[in-house]
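Structure file entry_30.cif; described as mmCIF, C-alpha atoms and all ligand atoms.
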```cif
data_structure
loop_
_atom_site.label_atom_id
_atom_site.label_comp_id
_atom_site.auth_asym_id
_atom_site.auth_seq_id
_atom_site.Cartn_x
_atom_site.Cartn_y
_atom_site.Cartn_z
CA MET A 1313 -22.21 19.09 -14.31
CA ARG A 1314 -20.28 15.84 -14.35
CA LYS A 1315 -21.05 12.25 -13.31
CA ILE A 1316 -18.04 11.34 -11.26
CA LEU A 1317 -16.70 8.13 -9.71
CA ILE A 1318 -14.40 8.75 -6.74
CA SER A 1319 -12.53 5.85 -5.16
CA GLY A 1320 -11.15 6.10 -1.62
CA ALA A 1321 -13.86 8.59 -0.65
CA SER A 1322 -14.06 7.45 2.98
CA ARG A 1323 -11.09 9.53 4.18
CA GLY A 1324 -8.24 11.84 3.29
CA ILE A 1325 -7.87 13.25 -0.19
CA GLY A 1326 -10.80 11.34 -1.70
CA LYS A 1327 -13.23 12.60 0.92
CA ALA A 1328 -12.04 16.21 0.56
CA ILE A 1329 -12.52 16.01 -3.21
CA ALA A 1330 -15.99 14.47 -2.77
CA LEU A 1331 -17.12 17.22 -0.40
CA LYS A 1332 -15.86 19.96 -2.72
CA LEU A 1333 -17.42 18.50 -5.86
CA LEU A 1334 -20.70 17.75 -4.12
CA LYS A 1335 -20.94 21.41 -3.12
CA GLU A 1336 -20.34 22.38 -6.74
CA GLY A 1337 -23.33 20.33 -7.87
CA HIS A 1338 -21.75 17.37 -9.63
CA SER A 1339 -23.30 13.91 -9.36
CA LEU A 1340 -21.00 11.69 -7.34
CA SER A 1341 -20.63 7.96 -7.05
CA LEU A 1342 -18.40 7.19 -4.09
CA GLY A 1343 -16.53 3.90 -3.75
CA VAL A 1344 -15.75 2.87 -0.19
CA ARG A 1345 -14.96 -0.33 1.65
CA GLU A 1346 -17.13 0.57 4.66
CA ARG A 1347 -20.25 2.62 4.00
CA GLU A 1348 -20.47 3.26 7.75
CA ASP A 1349 -17.42 5.53 7.47
CA LEU A 1350 -19.59 8.21 5.87
CA VAL A 1351 -22.47 8.08 8.34
CA ASN A 1352 -23.19 11.45 9.97
CA THR A 1353 -21.21 13.34 7.33
CA LEU A 1354 -22.49 15.33 4.35
CA LEU A 1355 -21.88 12.15 2.37
CA ASP A 1356 -24.02 9.95 4.62
CA PRO A 1357 -25.42 7.11 2.46
CA LYS A 1358 -28.64 7.24 4.48
CA THR A 1359 -29.51 10.83 3.54
CA ASN A 1360 -32.17 11.21 0.94
CA ASN A 1361 -29.92 12.80 -1.63
CA SER A 1362 -29.83 10.03 -4.22
CA GLU A 1363 -29.91 12.40 -7.18
CA LYS A 1364 -26.64 13.99 -6.03
CA PHE A 1365 -24.63 11.03 -4.84
CA LEU A 1366 -24.58 7.34 -4.24
CA VAL A 1367 -22.24 5.32 -2.07
CA HIS A 1368 -21.21 1.87 -3.25
CA THR A 1369 -18.94 -0.83 -1.93
CA TYR A 1370 -15.54 -0.81 -3.59
CA ASP A 1371 -12.54 -2.88 -2.62
CA ALA A 1372 -9.55 -2.61 -4.95
CA ASN A 1373 -8.72 -6.23 -4.13
CA ASP A 1374 -12.07 -7.39 -5.46
CA GLN A 1375 -12.44 -7.03 -9.23
CA ASP A 1376 -16.14 -7.78 -9.04
CA SER A 1377 -16.75 -4.78 -6.77
CA SER A 1378 -15.39 -2.46 -9.51
CA LYS A 1379 -17.71 -3.98 -12.07
CA LYS A 1380 -20.77 -3.75 -9.82
CA TRP A 1381 -19.93 -0.20 -8.75
CA VAL A 1382 -19.67 0.97 -12.38
CA GLU A 1383 -22.90 -0.83 -13.32
CA LYS A 1384 -24.82 0.68 -10.40
CA THR A 1385 -23.51 4.16 -11.25
CA VAL A 1386 -24.61 3.92 -14.86
CA GLU A 1387 -27.99 2.57 -13.76
CA THR A 1388 -28.40 5.59 -11.44
CA PHE A 1389 -26.79 8.46 -13.37
CA LYS A 1390 -27.05 7.06 -16.93
CA ASN A 1391 -23.37 7.64 -17.67
CA ILE A 1392 -19.92 8.32 -16.23
CA ASP A 1393 -17.68 11.09 -17.56
CA THR A 1394 -15.06 11.36 -14.83
CA VAL A 1395 -13.10 8.97 -12.63
CA ILE A 1396 -11.00 10.24 -9.73
CA HIS A 1397 -8.79 7.53 -8.29
CA CYS A 1398 -7.88 8.21 -4.65
CA ALA A 1399 -7.86 4.72 -3.11
CA GLY A 1400 -4.33 3.75 -2.22
CA ILE A 1401 -2.08 2.31 0.44
CA PHE A 1402 1.39 3.08 1.69
CA LYS A 1403 3.97 0.61 3.05
CA ARG A 1404 7.62 1.00 3.86
CA THR A 1405 9.36 -1.89 2.20
CA ASN A 1406 13.11 -1.72 1.68
CA LEU A 1407 15.01 -3.17 -1.23
CA LEU A 1408 16.24 -6.00 1.02
CA PHE A 1409 12.82 -6.92 2.38
CA ASN A 1410 12.10 -9.69 4.83
CA ASP A 1411 10.18 -12.78 3.74
CA ASN A 1412 7.16 -11.68 5.78
CA GLU A 1413 7.03 -8.39 3.82
CA MET A 1414 6.30 -10.09 0.51
CA LYS A 1415 2.58 -9.66 1.16
CA ASP A 1416 3.03 -5.89 1.55
CA ILE A 1417 4.59 -5.74 -1.90
CA GLU A 1418 1.76 -7.80 -3.38
CA ASP A 1419 -0.84 -5.61 -1.65
CA LEU A 1420 0.73 -2.44 -3.04
CA TRP A 1421 0.64 -3.90 -6.50
CA LYS A 1422 -2.99 -4.97 -6.18
CA VAL A 1423 -4.38 -1.82 -4.57
CA ASN A 1424 -2.24 0.93 -6.12
CA VAL A 1425 -1.86 -0.45 -9.64
CA MET A 1426 -4.39 -3.17 -10.48
CA GLY A 1427 -7.17 -1.37 -8.57
CA PRO A 1428 -7.15 1.77 -10.73
CA TRP A 1429 -6.41 -0.24 -13.86
CA ILE A 1430 -9.43 -2.50 -13.42
CA LEU A 1431 -11.76 0.31 -12.38
CA THR A 1432 -10.72 2.34 -15.44
CA LYS A 1433 -11.20 -0.70 -17.66
CA TYR A 1434 -14.83 -1.09 -16.55
CA ALA A 1435 -15.56 2.64 -16.82
CA TRP A 1436 -13.81 3.06 -20.19
CA LYS A 1437 -16.82 2.30 -22.38
CA TYR A 1438 -18.77 5.13 -20.71
CA LEU A 1439 -15.85 7.57 -20.62
CA SER A 1440 -15.43 7.02 -24.35
CA LEU A 1441 -18.97 8.24 -25.05
CA SER A 1442 -18.55 11.65 -23.45
CA ASN A 1443 -15.98 13.27 -25.79
CA SER A 1444 -14.64 15.25 -22.82
CA ALA A 1445 -14.10 12.66 -20.12
CA ARG A 1446 -11.54 13.07 -17.37
CA ILE A 1447 -9.43 10.64 -15.39
CA ILE A 1448 -7.65 12.09 -12.38
CA MET A 1449 -5.15 9.79 -10.73
CA LEU A 1450 -3.60 10.38 -7.32
CA VAL A 1451 -0.09 9.20 -8.10
CA SER A 1452 2.67 10.72 -5.91
CA MET A 1453 6.09 12.30 -6.17
CA SER A 1454 7.10 8.68 -5.56
CA GLY A 1455 5.84 8.02 -9.10
CA LYS A 1456 8.41 10.45 -10.48
CA ARG A 1457 11.51 9.78 -8.41
CA SER A 1458 12.55 7.17 -5.91
CA LYS A 1459 13.58 8.78 -2.66
CA GLY A 1460 15.18 7.00 0.30
CA ASN A 1461 14.29 3.35 0.66
CA LEU A 1462 10.61 3.15 -0.26
CA ALA A 1463 11.19 0.41 -2.82
CA SER A 1464 7.72 -1.07 -3.09
CA TYR A 1465 5.59 2.08 -2.77
CA SER A 1466 7.68 3.80 -5.42
CA MET A 1467 7.50 0.75 -7.65
CA SER A 1468 3.70 0.84 -7.46
CA LYS A 1469 3.53 4.56 -8.21
CA PHE A 1470 5.98 4.42 -11.13
CA ALA A 1471 3.83 1.64 -12.56
CA LEU A 1472 0.72 3.75 -12.00
CA MET A 1473 2.35 6.67 -13.81
CA SER A 1474 3.05 4.43 -16.76
CA LEU A 1475 -0.59 3.33 -16.78
CA CYS A 1476 -1.62 7.00 -16.81
CA GLN A 1477 0.49 7.53 -19.91
CA THR A 1478 -1.16 4.59 -21.65
CA MET A 1479 -4.62 5.81 -20.62
CA ARG A 1480 -3.76 9.20 -22.12
CA ASN A 1481 -2.53 7.60 -25.33
CA GLU A 1482 -5.52 5.32 -25.78
CA GLY A 1483 -8.08 7.89 -24.66
CA TRP A 1484 -6.83 10.92 -26.55
CA GLU A 1485 -8.90 10.55 -29.74
CA LYS A 1486 -11.99 9.83 -27.66
CA GLY A 1487 -11.61 13.11 -25.76
CA ILE A 1488 -10.48 11.40 -22.56
CA ARG A 1489 -7.91 13.53 -20.74
CA VAL A 1490 -5.80 12.12 -17.94
CA THR A 1491 -4.13 14.04 -15.13
CA ALA A 1492 -1.61 12.44 -12.79
CA ILE A 1493 -1.44 14.44 -9.56
CA CYS A 1494 1.93 13.88 -7.91
CA PRO A 1495 2.06 15.31 -4.40
CA GLY A 1496 4.74 15.10 -1.80
CA TRP A 1497 3.45 14.58 1.75
CA VAL A 1498 -0.24 15.32 2.19
CA ASN A 1499 -1.64 15.84 5.69
CA THR A 1500 -3.85 12.72 5.92
CA ASP A 1501 -3.78 9.44 7.85
CA MET A 1502 -1.26 8.18 5.32
CA ALA A 1503 1.30 10.70 6.54
CA LYS A 1504 0.45 10.54 10.23
CA GLU A 1505 3.67 8.77 11.13
CA VAL A 1506 5.82 11.32 9.34
CA ASN A 1507 7.38 13.28 12.16
CA HIS A 1508 10.34 14.96 10.49
CA PHE A 1509 8.11 17.47 8.74
CA PRO A 1510 5.35 19.61 10.35
CA LYS A 1511 1.83 18.62 9.32
CA LYS A 1512 0.86 22.26 8.76
CA ASP A 1513 3.60 22.57 6.11
CA MET A 1514 2.41 19.50 4.22
CA ILE A 1515 0.02 19.76 1.29
CA GLN A 1516 -3.58 19.86 2.58
CA SER A 1517 -6.34 17.68 1.11
CA ASN A 1518 -8.55 20.71 0.45
CA ASP A 1519 -5.88 22.20 -1.79
CA ILE A 1520 -5.90 19.05 -3.90
CA ALA A 1521 -9.70 19.21 -3.96
CA ASN A 1522 -9.44 22.76 -5.34
CA ILE A 1523 -7.01 21.59 -8.02
CA CYS A 1524 -9.42 18.81 -9.05
CA SER A 1525 -12.29 21.25 -9.23
CA ASN A 1526 -10.24 23.55 -11.50
CA LEU A 1527 -9.17 20.64 -13.69
CA LEU A 1528 -12.81 19.79 -14.38
CA ASP A 1529 -13.38 23.28 -15.78
CA LEU A 1530 -10.65 23.03 -18.42
CA PRO A 1531 -11.34 22.23 -22.08
CA ASN A 1532 -9.79 19.18 -23.79
CA SER A 1533 -7.09 21.41 -25.28
CA SER A 1534 -5.75 22.59 -21.93
CA VAL A 1535 -5.77 19.74 -19.45
CA PRO A 1536 -2.33 19.19 -17.86
CA PHE A 1537 -1.14 15.60 -17.92
CA GLU A 1538 0.95 15.90 -14.80
CA ILE A 1539 0.78 18.13 -11.74
CA ALA A 1540 3.74 17.87 -9.40
CA LEU A 1541 3.13 19.34 -5.96
CA ASN A 1542 6.19 19.97 -3.87
CA CYS A 1543 5.84 20.94 -0.23
CA GLN A 1544 9.63 20.67 0.15
CA LEU A 1545 12.28 21.88 -2.24
CA GLU A 1546 13.51 19.12 -4.56
CA THR A 1547 15.98 20.48 -7.03
CA ASN A 1548 16.53 17.34 -9.09
CA ILE A 1549 13.01 17.10 -10.56
N1 LIG A 1601 -0.95 11.33 2.02
C1 LIG A 1601 0.15 11.49 1.29
O1 LIG A 1601 1.20 11.93 1.77
C2 LIG A 1601 0.12 11.14 -0.19
C3 LIG A 1601 1.15 11.65 -0.98
C4 LIG A 1601 1.17 11.33 -2.33
C5 LIG A 1601 0.18 10.54 -2.86
N2 LIG A 1601 -0.81 10.05 -2.07
C6 LIG A 1601 -1.79 9.17 -2.69
O2 LIG A 1601 -3.08 9.76 -2.62
C7 LIG A 1601 -4.09 8.73 -2.53
C8 LIG A 1601 -4.98 9.02 -1.34
O3 LIG A 1601 -4.19 8.99 -0.16
P1 LIG A 1601 -4.67 9.64 1.23
O4 LIG A 1601 -3.57 10.48 1.70
O5 LIG A 1601 -6.04 10.20 1.10
O6 LIG A 1601 -4.68 8.31 2.13
P2 LIG A 1601 -5.62 7.86 3.31
O7 LIG A 1601 -6.10 9.01 4.10
O8 LIG A 1601 -4.85 6.76 3.98
O9 LIG A 1601 -6.87 7.23 2.54
C9 LIG A 1601 -6.70 6.13 1.72
C10 LIG A 1601 -8.02 5.82 1.05
O10 LIG A 1601 -7.82 4.64 0.23
C11 LIG A 1601 -8.80 3.67 0.60
N3 LIG A 1601 -8.34 2.32 0.40
C12 LIG A 1601 -7.26 1.71 0.96
N4 LIG A 1601 -7.21 0.41 0.59
C13 LIG A 1601 -8.28 0.21 -0.22
C14 LIG A 1601 -8.78 -0.91 -0.92
N5 LIG A 1601 -8.22 -2.13 -0.86
N6 LIG A 1601 -9.90 -0.76 -1.67
C15 LIG A 1601 -10.54 0.43 -1.73
N7 LIG A 1601 -10.13 1.52 -1.07
C16 LIG A 1601 -9.01 1.42 -0.34
C17 LIG A 1601 -9.08 3.95 2.08
O11 LIG A 1601 -10.28 3.34 2.44
P3 LIG A 1601 -10.53 2.80 3.96
O12 LIG A 1601 -11.03 3.98 4.73
O13 LIG A 1601 -11.54 1.74 3.80
O14 LIG A 1601 -9.22 2.28 4.47
C18 LIG A 1601 -9.11 5.47 2.07
O15 LIG A 1601 -10.34 5.95 1.60
C19 LIG A 1601 -3.31 7.41 -2.44
O16 LIG A 1601 -3.23 6.83 -3.70
C20 LIG A 1601 -1.93 7.85 -1.98
O17 LIG A 1601 -0.93 6.92 -2.37
C21 LIG A 1601 -0.88 10.35 -0.75
#
```

Please go through the file and, once you have read it, give me the structure as structure tokens.
Amino acid sequence: MRKILISGASRGIGKAIALKLLKEGHSLSLGVREREDLVNTLLDPKTNNSEKFLVHTYDANDQDSSKKWVEKTVETFKNIDTVIHCAGIFKRTNLLFNDNEMKDIEDLWKVNVMGPWILTKYAWKYLSLSNSARIIMLVSMSGKRSKGNLASYSMSKFALMSLCQTMRNEGWEKGIRVTAICPGWVNTDMAKEVNHFPKKDMIQSNDIANICSNLLDLPNSSVPFEIALNCQLETNI
């Protein structure tokens, strides 16, 4: 059984992964901005299930919260062998953005790129000890191709993909394996304003949770670096 950090566990993909992996018996450390979001769920911080999971404050904009979250996890579970990065934001910023959209671009950079970078940096020492550690990163198809006019979101996800490649390079000899999951639309709050495509035909969070669960069963020799998930045909990638 693994000792797993999951960011963005309050909702969407992160929460679905947390529920699946909890059921499978892993020890989970969940990073959320608002602990209240998990009250009255199976991941309620108030339940007396401290051997199975802990819930800690994590804000990708606050470097110190990453450090404290990692420290508390190691204090509780003794080590960390897996990090699943699900915290992320989405903004529609065109190439010719307005002055008042500059903050959106900065936020995307901080949350989608620096957040996972800094969290991985603090967890690295522990991942390096395991000899079969895993990093799973929720990237996006927007990290593989730039579609339409999502300039800033795509920029952040391409940058994240490049970080994944560096993590793979630097972690390889230590047994750290990295997987970048690159979905198209997933039926979560993030896609709630997408109306041109039926929600039932989008990728569902539970399917990504199943993929993560399968990834954790694979040996170092067989972990895929990239998993592209298309819910619509894209012939150019
Ligand atoms: N949904 C899609 O169509 C889709 C497609 C491809 C890739 N992805 C990627 O998959 C990941 C998860 O997306 P999702 O669909 O599950 O989105 P979601 O339902 O909107 O959930 C986003 C999660 O990120 C957390 N988060 C946002 N800002 C944060 C911050 N500053 N610090 C810490 N946590 C923060 C949210 O926490 P709060 O509850 O506190 O806001 C929430 O738990 C993201 O990286 C996203 O880019 C999503």

Could you produce a table of the residues of segment 1360-1469 of chain A lying within 12 Å of segment 1515-1518 of chain A, with the nearest pair of atoms per residue and their separation in Å rounded to one decimal, using only C-alpha atoms, ordered by chain and increasing residue number, as JSON lines?
```
{"residue": "A:Cys1398", "atom": "CA", "partner": "A:Ser1517", "partner_atom": "CA", "distance": 11.2}
{"residue": "A:Leu1450", "atom": "CA", "partner": "A:Ser1517", "partner_atom": "CA", "distance": 11.5}
{"residue": "A:Ser1452", "atom": "CA", "partner": "A:Ile1515", "partner_atom": "CA", "distance": 11.9}
```

| Best match for closeness to ligand LIG 1601 (chain A) among A:Ala1399, A:Met1313, A:Leu1334, A:Leu1407, counting only C-alpha atoms and all ligand atoms | A:Ala1399

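Taking atom C6 of ligand LIG 1601 (chain A) as the reference point, atom CA of Gly1343 of chain A is found at 15.7 Å.
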
| Which neighbours of Ile1325 of chain A fall inside 12 Å, counting only C-alpha atoms, when residues of the same chain fewer than 4 positions from it are skipped, and could you give them as a VMD selection string? | chain A and resid 1318 to 1321 1329 to 1332 1396 to 1400 1449 to 1451 1493 1495 1497 to 1503 1515 to 1524

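Taking atom CA of Phe1389 of chain A as the reference point, atom CA of Ile1448 of chain A is found at 19.5 Å.
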
| field | Residue nearest ligand LIG 1601 (chain A) among A:Thr1394, A:Thr1432, A:Asn1352, A:Asn1542 (counting only C-alpha atoms and all ligand atoms) | value | A:Asn1542

| message | Report, in Å to a single decimal, how far apart atom CA of Gly1324 of chain A and atom CA of Ser1525 of chain A are. | response |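 Between atom CA of Ser1525 of chain A and atom CA of Gly1324 of chain A the gap is 16.2 Å.
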
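Each of A:Val1425, A:Leu1408, A:Val1395, A:Leu1431 was compared to Tyr1370 of chain A using only C-alpha atoms, and A:Leu1431 turns out to be the nearest.
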
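In terms of minimum interatomic distance to ligand LIG 1601 (chain A), A:Arg1323 ranks closest within A:Lys1384, A:Arg1314, A:Lys1390, A:Arg1323, counting only C-alpha atoms and all ligand atoms.
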
| message | At a cut-off of 9 Å, using only C-alpha atoms, what residues contact Ser1454 of chain A? Leave out same-chain residues fewer than 6 positions from it and give the result as a list in words. | response |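 My list of contacting residues is Leu1462, Tyr1465, Ser1466, Met1467, Ser1468, Lys1469, Phe1470, Cys1494, Pro1495 and Gly1496 of chain A.
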